[in-house]
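Text of the file coords-v9.tsv, holding TSV, C-alpha atoms:
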chain	number	residue	atom	x	y	z
A	1	MET	CA	56.75	79.81	101.83
A	2	ALA	CA	59.54	79.98	104.38
A	3	SER	CA	62.81	81.38	103.17
A	4	LYS	CA	66.08	79.48	103.42
A	5	LYS	CA	67.14	81.87	106.18
A	6	ASP	CA	64.11	81.02	108.31
A	7	VAL	CA	64.53	77.30	107.72
A	8	LEU	CA	68.22	77.39	108.65
A	9	GLN	CA	67.50	79.43	111.78
A	10	LYS	CA	64.80	76.97	112.86
A	11	ILE	CA	67.07	73.98	112.26
A	12	VAL	CA	69.90	75.51	114.26
A	13	ALA	CA	67.50	76.55	117.03
A	14	LEU	CA	66.17	72.99	117.27
A	15	LYS	CA	69.69	71.57	117.32
A	16	ARG	CA	70.62	74.03	120.06
A	17	GLN	CA	67.56	73.11	122.13
A	18	SER	CA	68.30	69.42	121.72
A	19	ALA	CA	71.98	69.90	122.67
A	20	GLU	CA	71.05	71.99	125.72
A	21	GLN	CA	68.57	69.33	126.88
A	22	HIS	CA	71.15	66.60	126.42
A	23	VAL	CA	73.76	68.54	128.42
A	24	ARG	CA	71.25	69.17	131.23
A	25	MET	CA	70.21	65.51	131.32
A	26	LEU	CA	73.84	64.44	131.63
A	27	GLN	CA	74.49	67.06	134.33
A	28	LEU	CA	71.59	65.67	136.35
A	29	GLU	CA	72.88	62.13	135.88
A	30	VAL	CA	76.38	63.15	137.04
A	31	GLU	CA	74.89	64.83	140.11
A	32	ARG	CA	72.80	61.71	140.87
A	33	ILE	CA	75.86	59.47	140.67
A	34	GLU	CA	77.87	61.87	142.85
A	35	ARG	CA	75.10	61.78	145.48
A	36	ALA	CA	75.04	57.98	145.37
A	37	ILE	CA	78.81	57.87	145.88
A	38	SER	CA	78.55	60.30	148.78
A	39	ALA	CA	75.83	58.17	150.39
A	40	LEU	CA	77.94	55.03	150.02
A	41	VAL	CA	81.03	56.73	151.42
A	42	GLY	CA	78.91	58.10	154.28
A	43	ALA	CA	77.61	54.60	155.04
A	44	LEU	CA	81.14	53.26	155.01
A	45	ASN	CA	82.40	56.06	157.25
A	46	SER	CA	79.55	55.53	159.71
A	47	MET	CA	80.84	52.01	160.27
A	48	ASP	CA	84.20	53.47	161.30
A	49	GLU	CA	82.67	55.88	163.77
A	50	GLY	CA	81.65	53.05	166.06
A	51	ARG	CA	77.99	54.01	166.33
A	52	ALA	CA	76.96	50.44	165.82
A	53	GLY	CA	77.95	47.87	168.41
A	54	ILE	CA	80.63	45.27	167.90
A	55	ASP	CA	77.96	42.70	167.02
A	56	ALA	CA	76.79	44.84	164.11
A	57	HIS	CA	80.36	45.26	162.88
A	58	LEU	CA	81.06	41.53	163.10
A	59	LEU	CA	77.80	40.71	161.32
A	60	ALA	CA	78.52	43.22	158.55
A	61	GLU	CA	82.01	41.81	158.13
A	62	ALA	CA	80.78	38.22	158.13
A	63	HIS	CA	78.30	38.94	155.36
A	64	GLY	CA	80.74	40.99	153.27
A	65	HIS	CA	78.89	44.28	153.65
A	66	VAL	CA	82.04	46.41	153.76
A	67	GLY	CA	83.49	44.72	150.68
A	68	LYS	CA	80.20	45.16	148.83
A	69	VAL	CA	80.05	48.85	149.69
A	70	ILE	CA	83.64	49.35	148.54
A	71	LYS	CA	82.87	47.51	145.30
A	72	ASP	CA	79.72	49.62	144.79
A	73	ILE	CA	81.76	52.80	145.28
A	74	ALA	CA	84.28	51.64	142.66
A	75	VAL	CA	81.48	50.80	140.20
A	76	ARG	CA	79.83	54.19	140.73
A	77	ARG	CA	83.15	56.01	140.28
A	78	ALA	CA	83.71	54.21	136.98
A	79	GLU	CA	80.16	55.10	135.94
A	80	LEU	CA	80.80	58.72	136.98
A	81	SER	CA	83.96	58.85	134.90
A	82	GLY	CA	82.05	57.66	131.83
A	83	LYS	CA	79.21	60.13	132.38
A	84	ARG	CA	81.68	62.99	132.81
A	85	LEU	CA	83.23	62.06	129.48
A	86	GLU	CA	79.77	62.00	127.87
A	87	LEU	CA	79.03	65.38	129.46
A	88	HIS	CA	82.26	66.82	128.08
A	89	ASP	CA	81.38	65.55	124.59
A	90	ALA	CA	77.85	66.97	124.89
A	91	ARG	CA	79.23	70.36	125.93
A	92	GLU	CA	81.55	70.33	122.94
A	93	ALA	CA	78.60	69.55	120.68
A	94	LEU	CA	76.68	72.45	122.24
A	95	LYS	CA	79.64	74.76	121.57
A	96	ARG	CA	79.58	73.69	117.92
A	97	VAL	CA	75.86	74.49	117.73
A	98	PHE	CA	76.48	77.93	119.28
A	99	HIS	CA	79.24	78.49	116.74
A	100	SER	CA	76.88	77.48	113.92
A	101	GLN	CA	74.29	79.88	115.25
A	102	GLU	CA	76.85	82.70	115.35
A	103	ARG	CA	78.06	81.89	111.84
A	104	LEU	CA	74.47	81.83	110.60
A	105	GLY	CA	73.99	85.27	112.11
A	106	GLU	CA	77.09	86.53	110.31
A	107	VAL	CA	76.13	84.99	106.95
A	108	VAL	CA	72.44	85.78	107.16
A	109	PRO	CA	71.93	89.03	109.09
A	110	GLY	CA	68.90	89.28	111.36
A	111	LYS	CA	65.61	90.86	110.34
Show me the file's structure as structure tokens.
Amino acid sequence: MASKKDVLQKIVALKRQSAEQHVRMLQLEVERIERAISALVGALNSMDEGRAGIDAHLLAEAHGHVGKVIKDIAVRRAELSGKRLELHDAREALKRVFHSQERLGEVVPGK
């Protein structure tokens, strides 16, 4: 039968693995949102560079393309802010798991 020490170590190891996976998932999500914002900003900036003809600019303006892109950027930035907050909370949770693992090592010395 597994000792209490082994059970506690397994529980903490599983919590650590779960916390690490959660942090990584949120990091990837933050990076995805940042790339989306960069793409939108790049699309908006390309309109300013005058690559497209005046007809394209007038058509984009008439159909509200610029306003939509600006709104999309604002939505993504708000989403990014929320994900960064989630990431911060997940990192704090991971720190607590690391602390638990250290404390477990102090209380129950290794083999």
> Hey, what's within 12 Å of Lys95 (chain A) if we count all atoms listed in the file and toss same-chain stuff fewer than 5 positions away? As a list of chain:residue names, please?
Replying inline: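 Skipping anything fewer than 5 positions along the chain leaves A:Lys15, A:Arg16, A:Ala19, A:Glu20, A:Val23, A:His88, A:Asp89, A:Ala90, A:Ser100, A:Gln101, A:Glu102.
With only C-alpha atoms as the atoms that count, the residue of A:Glu92, A:Glu106, A:Leu85, A:Leu80 with the shortest distance to Arg32 (chain A) is A:Leu80.
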>> Which residues are close to region 68-70 of chain A, i.e. within 9 Å by only C-alpha atoms, leaving aside same-chain residues fewer than 5 positions away? Reply as a count of residues only.
In response: 5
>> Given the point (68.0, 79.6, 112.9) in the coordinates of this file, which residues lie within 10 Å, counting all atoms listed in the file, and how would they look as a list in words?
In response: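 Protein and nucleic acid residues near the point are Lys4, Lys5, Asp6, Val7, Leu8, Gln9, Lys10, Ile11, Val12, Ala13, Leu14, Lys15, Arg16, Ser100, Gln101, Glu102, Leu104, Gly105, Val108 and Gly110 of chain A.
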> When distances are computed from only C-alpha atoms, which of A:Phe98, A:Ala93, A:Arg77, A:Glu61 shows the smallest separation from His22 (chain A)?
Replying inline: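 When distances to His22 (chain A) are compared using only C-alpha atoms, the smallest one comes from A:Ala93.
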> Any idea what the distance is between CA of Leu28 (chain A) and CA of Leu94 (chain A)?
Replying inline: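 So the answer is 16.5 Å.
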> In Å, with one decimal, what is the gap from CA of Glu86 (chain A) to CA of Gly67 (chain A)?
Replying inline: 28.9 Å
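Between CA of Glu79 (chain A) and CA of Ile33 (chain A) the separation is 7.7 Å.
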Final N, CA, C and O atoms of region 64-82 of chain A as a compact mmCIF listing (two decimals), keeping the file's coordinate frame:
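Full text of selection.txt as output:
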# COMPACT_ATOMS: atom_id res chain seq x y z
N GLY A 64 80.07 40.28 154.37
CA GLY A 64 80.74 40.99 153.27
C GLY A 64 80.18 42.36 152.95
O GLY A 64 80.36 42.85 151.83
N HIS A 65 79.51 42.98 153.91
CA HIS A 65 78.89 44.28 153.65
C HIS A 65 79.93 45.34 153.27
O HIS A 65 79.73 46.08 152.31
N VAL A 66 81.02 45.39 154.01
CA VAL A 66 82.04 46.41 153.76
C VAL A 66 82.63 46.22 152.36
O VAL A 66 82.77 47.19 151.60
N GLY A 67 82.95 45.00 152.01
CA GLY A 67 83.49 44.72 150.68
C GLY A 67 82.52 45.09 149.57
O GLY A 67 82.91 45.63 148.54
N LYS A 68 81.23 44.81 149.81
CA LYS A 68 80.20 45.16 148.83
C LYS A 68 80.10 46.66 148.66
O LYS A 68 79.99 47.17 147.53
N VAL A 69 80.14 47.39 149.77
CA VAL A 69 80.05 48.85 149.69
C VAL A 69 81.25 49.41 148.94
O VAL A 69 81.11 50.29 148.09
N ILE A 70 82.43 48.89 149.23
CA ILE A 70 83.64 49.35 148.54
C ILE A 70 83.55 49.05 147.04
O ILE A 70 83.90 49.88 146.20
N LYS A 71 83.04 47.86 146.71
CA LYS A 71 82.87 47.51 145.30
C LYS A 71 81.85 48.43 144.64
O LYS A 71 82.05 48.89 143.51
N ASP A 72 80.74 48.71 145.33
CA ASP A 72 79.72 49.62 144.79
C ASP A 72 80.29 51.01 144.55
O ASP A 72 79.96 51.65 143.55
N ILE A 73 81.13 51.48 145.46
CA ILE A 73 81.76 52.80 145.28
C ILE A 73 82.63 52.79 144.03
O ILE A 73 82.58 53.72 143.22
N ALA A 74 83.41 51.73 143.84
CA ALA A 74 84.28 51.64 142.66
C ALA A 74 83.46 51.61 141.37
O ALA A 74 83.81 52.27 140.38
N VAL A 75 82.35 50.87 141.39
CA VAL A 75 81.48 50.80 140.20
C VAL A 75 80.90 52.17 139.90
O VAL A 75 80.87 52.61 138.74
N ARG A 76 80.42 52.85 140.93
CA ARG A 76 79.83 54.19 140.73
C ARG A 76 80.88 55.18 140.23
O ARG A 76 80.57 56.04 139.40
N ARG A 77 82.09 55.09 140.74
CA ARG A 77 83.15 56.01 140.28
C ARG A 77 83.47 55.77 138.81
O ARG A 77 83.71 56.73 138.06
N ALA A 78 83.48 54.53 138.40
CA ALA A 78 83.71 54.21 136.98
C ALA A 78 82.56 54.76 136.14
O ALA A 78 82.78 55.34 135.06
N GLU A 79 81.34 54.58 136.64
CA GLU A 79 80.16 55.10 135.94
C GLU A 79 80.23 56.63 135.85
O GLU A 79 79.93 57.21 134.81
N LEU A 80 80.66 57.26 136.94
CA LEU A 80 80.80 58.72 136.98
C LEU A 80 81.82 59.19 135.96
O LEU A 80 81.60 60.17 135.25
N SER A 81 82.92 58.48 135.87
CA SER A 81 83.96 58.85 134.90
C SER A 81 83.41 58.81 133.47
O SER A 81 83.65 59.72 132.68
N GLY A 82 82.65 57.76 133.16
CA GLY A 82 82.05 57.66 131.83
C GLY A 82 81.05 58.76 131.56
O GLY A 82 81.02 59.33 130.47
